[in-house]
$ cat target.pdb   # PDB, C-alpha atoms
ATOM      1  CA  MET A   1      13.409 -39.722 -13.475
ATOM      2  CA  ALA A   2      11.462 -37.811 -16.077
ATOM      3  CA  SER A   3       8.681 -37.104 -13.578
ATOM      4  CA  VAL A   4      11.151 -35.447 -11.148
ATOM      5  CA  ASP A   5      12.545 -33.294 -13.947
ATOM      6  CA  ASP A   6       9.040 -32.409 -15.123
ATOM      7  CA  PHE A   7       8.049 -31.456 -11.582
ATOM      8  CA  ARG A   8      11.158 -29.319 -11.140
ATOM      9  CA  ASN A   9      10.610 -27.557 -14.485
ATOM     10  CA  SER A  10       6.952 -26.987 -13.710
ATOM     11  CA  LEU A  11       7.740 -25.595 -10.267
ATOM     12  CA  ASN A  12      10.459 -23.322 -11.675
ATOM     13  CA  SER A  13       8.098 -21.928 -14.303
ATOM     14  CA  ILE A  14       5.428 -21.224 -11.663
ATOM     15  CA  ILE A  15       7.928 -19.458  -9.414
ATOM     16  CA  GLN A  16       9.306 -17.429 -12.335
ATOM     17  CA  GLU A  17       5.799 -16.402 -13.396
ATOM     18  CA  TYR A  18       4.984 -15.280  -9.839
ATOM     19  CA  ALA A  19       8.257 -13.350  -9.606
ATOM     20  CA  ASN A  20       7.575 -11.543 -12.897
ATOM     21  CA  THR A  21       4.019 -10.704 -11.864
ATOM     22  CA  SER A  22       5.151  -9.486  -8.448
ATOM     23  CA  GLN A  23       7.897  -7.372  -9.973
ATOM     24  CA  ALA A  24       5.452  -5.722 -12.370
ATOM     25  CA  GLU A  25       3.064  -5.008  -9.470
ATOM     26  CA  LEU A  26       5.865  -3.538  -7.345
ATOM     27  CA  ASN A  27       6.967  -1.292 -10.212
ATOM     28  CA  GLU A  28       3.411  -0.040 -10.630
ATOM     29  CA  ILE A  29       3.016   0.548  -6.888
ATOM     30  CA  ALA A  30       6.307   2.471  -6.696
ATOM     31  CA  LYS A  31       5.305   4.615  -9.672
ATOM     32  CA  THR A  32       1.906   5.446  -8.182
ATOM     33  CA  VAL A  33       3.204   6.188  -4.690
ATOM     34  CA  THR A  34       5.997   8.508  -5.861
ATOM     35  CA  ARG A  35       3.683  10.408  -8.185
ATOM     36  CA  ASN A  36       1.206  10.836  -5.317
ATOM     37  CA  ALA A  37       4.013  12.088  -3.070
ATOM     38  CA  ALA A  38       5.059  14.652  -5.688
ATOM     39  CA  ARG A  39       1.453  15.856  -5.971
ATOM     40  CA  LYS A  40       1.163  16.170  -2.194
ATOM     41  CA  LEU A  41       4.409  18.161  -2.024
ATOM     42  CA  LYS A  42       3.107  20.528  -4.699
ATOM     43  CA  LYS A  43       0.026  21.158  -2.577
ATOM     44  CA  ARG A  44       1.766  21.421   0.803
ATOM     45  CA  SER A  45       4.909  23.312  -0.173
ATOM     46  CA  THR A  46       3.256  26.666   0.258
ATOM     47  CA  GLY A  47       4.119  26.649   3.963
ATOM     48  CA  ASP A  48       4.879  29.682   6.074
ATOM     49  CA  PHE A  49       8.024  30.491   4.162
ATOM     50  CA  GLU A  50       8.058  33.136   1.479
ATOM     51  CA  ASN A  51       7.276  31.513  -1.857
ATOM     52  CA  LYS A  52       6.848  34.566  -4.071
ATOM     53  CA  THR A  53       6.772  32.951  -7.514
ATOM     54  CA  GLY A  54       5.579  29.467  -6.622
ATOM     55  CA  ALA A  55       8.557  27.958  -8.474
ATOM     56  CA  TYR A  56       9.613  25.869  -5.477
ATOM     57  CA  ARG A  57       6.118  24.452  -5.093
ATOM     58  CA  LYS A  58       5.743  23.752  -8.809
ATOM     59  CA  GLY A  59       9.158  22.098  -9.072
ATOM     60  CA  TRP A  60       8.294  18.741  -7.438
ATOM     61  CA  ARG A  61       8.722  15.761  -9.784
ATOM     62  CA  ALA A  62       8.794  11.968  -9.614
ATOM     63  CA  LYS A  63      10.957   9.893 -11.911
ATOM     64  CA  ARG A  64      12.427   6.438 -12.294
ATOM     65  CA  VAL A  65      16.189   6.584 -11.926
ATOM     66  CA  THR A  66      17.215   2.962 -12.493
ATOM     67  CA  ARG A  67      15.744  -0.032 -14.178
ATOM     68  CA  GLY A  68      17.498  -3.322 -13.678
ATOM     69  CA  ARG A  69      16.412  -6.837 -12.987
ATOM     70  CA  ASN A  70      14.793  -5.693  -9.767
ATOM     71  CA  ILE A  71      12.198  -3.044  -9.017
ATOM     72  CA  GLY A  72      12.622   0.230 -10.861
ATOM     73  CA  ARG A  73      13.866   2.830  -8.392
ATOM     74  CA  TRP A  74      11.699   5.940  -8.165
ATOM     75  CA  VAL A  75      12.580   9.253  -6.511
ATOM     76  CA  VAL A  76      10.755  12.481  -5.728
ATOM     77  CA  TYR A  77      12.852  15.610  -6.214
ATOM     78  CA  ASN A  78      12.554  19.333  -6.772
ATOM     79  CA  ALA A  79      13.643  20.166 -10.304
ATOM     80  CA  THR A  80      13.607  23.940  -9.995
ATOM     81  CA  ASP A  81      14.952  24.765  -6.526
ATOM     82  CA  TYR A  82      16.686  21.630  -5.306
ATOM     83  CA  GLN A  83      19.080  23.734  -3.223
ATOM     84  CA  LEU A  84      16.264  24.926  -0.976
ATOM     85  CA  THR A  85      14.879  21.555   0.074
ATOM     86  CA  HIS A  86      17.463  20.907   2.783
ATOM     87  CA  LEU A  87      17.574  24.529   3.931
ATOM     88  CA  LEU A  88      13.806  24.774   4.303
ATOM     89  CA  GLU A  89      13.339  21.320   5.811
ATOM     90  CA  ASP A  90      16.085  21.598   8.442
ATOM     91  CA  GLY A  91      16.677  25.329   8.878
ATOM     92  CA  HIS A  92      20.152  26.865   8.694
ATOM     93  CA  LYS A  93      22.514  29.441  10.085
ATOM     94  CA  ASN A  94      21.963  32.975   8.931
ATOM     95  CA  ARG A  95      24.691  34.493   6.781
ATOM     96  CA  ASN A  96      24.513  37.626   8.880
ATOM     97  CA  LYS A  97      25.902  36.459  12.236
ATOM     98  CA  SER A  98      24.046  39.191  14.150
ATOM     99  CA  LEU A  99      20.661  37.769  13.087
ATOM    100  CA  PRO A 100      19.126  34.606  14.568
ATOM    101  CA  ASP A 101      19.242  31.275  12.742
ATOM    102  CA  VAL A 102      16.644  30.691  10.044
ATOM    103  CA  ARG A 103      13.972  28.355  11.366
ATOM    104  CA  ALA A 104      13.000  25.075   9.738
ATOM    105  CA  TYR A 105       9.812  24.619   7.703
ATOM    106  CA  PRO A 106       9.399  20.848   7.758
ATOM    107  CA  HIS A 107       7.268  19.718   4.831
ATOM    108  CA  ILE A 108       9.132  16.811   3.195
ATOM    109  CA  LYS A 109       9.483  14.364   6.103
ATOM    110  CA  GLU A 110       5.723  14.206   6.665
ATOM    111  CA  ILE A 111       5.096  13.330   3.011
ATOM    112  CA  GLU A 112       7.943  10.799   3.083
ATOM    113  CA  LEU A 113       6.396   8.992   6.047
ATOM    114  CA  GLU A 114       2.982   9.015   4.349
ATOM    115  CA  ALA A 115       4.522   7.573   1.168
ATOM    116  CA  ILE A 116       6.257   4.797   3.108
ATOM    117  CA  GLU A 117       2.987   3.881   4.800
ATOM    118  CA  GLU A 118       1.102   4.019   1.489
ATOM    119  CA  MET A 119       3.725   1.795  -0.180
ATOM    120  CA  GLN A 120       3.524  -0.779   2.595
ATOM    121  CA  GLN A 121      -0.278  -0.766   2.505
ATOM    122  CA  GLU A 122      -0.407  -1.170  -1.289
ATOM    123  CA  ILE A 123       2.074  -4.064  -1.182
ATOM    124  CA  ARG A 124       0.003  -5.807   1.502
ATOM    125  CA  GLU A 125      -3.206  -5.337  -0.491
ATOM    126  CA  ARG A 126      -1.901  -6.312  -3.930
ATOM    127  CA  LEU A 127       0.681  -8.966  -3.087
ATOM    128  CA  GLY A 128      -0.625 -10.322   0.196
ATOM    129  CA  ARG A 129      -2.244 -13.264  -1.554
TER     130      ARG A 129
END

$ encode --input "target.pdb" --output "structure tokens"
Amino acid sequence: MASVDDFRNSLNSIIQEYANTSQAELNEIAKTVTRNAARKLKKRSTGDFENKTGAYRKGWRAKRVTRGRNIGRWVVYNATDYQLTHLLEDGHKNRNKSLPDVRAYPHIKEIELEAIEEMQQEIRERLGR
């Protein structure tokens, strides 16, 4: 029975090694993709809306928010003017009821879709062994 136990232990160690390698690759991919998304948002957040100081554009950041046994979770967020992201992306009612609604300036969704595609492509290339 020693050969069955040896085989099982050997197979478990191979699977564990692959899992650790894959997890490290996925963490690196997530880090790269979110940082690229933040850079793209900094470039494309000039838009048609009034951005007098450039603070909104400069505020885009990427950071890891959790780190557990699984992949580290990365997010892209605006550190300086987080309140504006939803208002600019989706538009909103005007405070002055006599004026028309404020139109949307979509700029986040496009980058999000690009990041999803980039993540999927990187995973296929690096882990599609």

$ residues_around --input "target.pdb" --residues "region 113-125 of chain A" --least-positions-apart "5" --cutoff "7 Å" --atoms "only C-alpha atoms" --output "list in words"
Ile29, Val33 and Ala37 of chain A

$ resolve_selection --input "target.pdb" --expression "the PyMOL selection byres ((chain A and resi 59) around 6)" --output "MDAnalysis selection string"
chainID A and resid 55:58 60 78:80

$ atom_distance --input "target.pdb" --atom1 "CA of Arg39 (chain A)" --atom2 "CA of Glu112 (chain A)"
12.2 Å

$ resolve_selection --input "target.pdb" --expression "the PyMOL selection byres ((chain A and resi 88) around 9)" --output "list of chain:residue names"
A:Phe49, A:Leu84, A:Thr85, A:His86, A:Leu87, A:Glu89, A:Asp90, A:Gly91, A:His92, A:Val102, A:Arg103, A:Ala104, A:Tyr105, A:Pro106, A:His107

$ axis_aligned_box --input "target.pdb" --around "region 23-30 of chain A" --padding-each-side "3 Å" --output "lines of an AutoDock Vina configuration file"
center_x = 5.5
center_y = -2.5
center_z = -9.5
size_x = 10.9
size_y = 15.8
size_z = 11.7

$ closest_residue --input "target.pdb" --among "A:Arg35, A:Ala19, A:Ser3, A:Leu41" --to "Ile108 (chain A)" --atoms "all atoms listed in the file"
A:Leu41

$ atom_distance --input "target.pdb" --atom1 "CA of Ile14 (chain A)" --atom2 "CA of Arg73 (chain A)"
25.7 Å

$ resolve_selection --input "target.pdb" --expression "the PyMOL selection byres ((chain A and resi 62) around 7)" --output "VMD selection string"
chain A and resid 34 to 35 38 61 63 74 to 77

$ closest_residue --input "target.pdb" --among "A:Gln83, A:Tyr18, A:Glu110, A:Gly72" --to "Lys40 (chain A)" --atoms "all atoms listed in the file"
A:Glu110

$ closest_residue --input "target.pdb" --among "A:Arg126, A:Lys109, A:Arg44, A:Arg95" --to "Leu26 (chain A)" --atoms "all atoms listed in the file"
A:Arg126
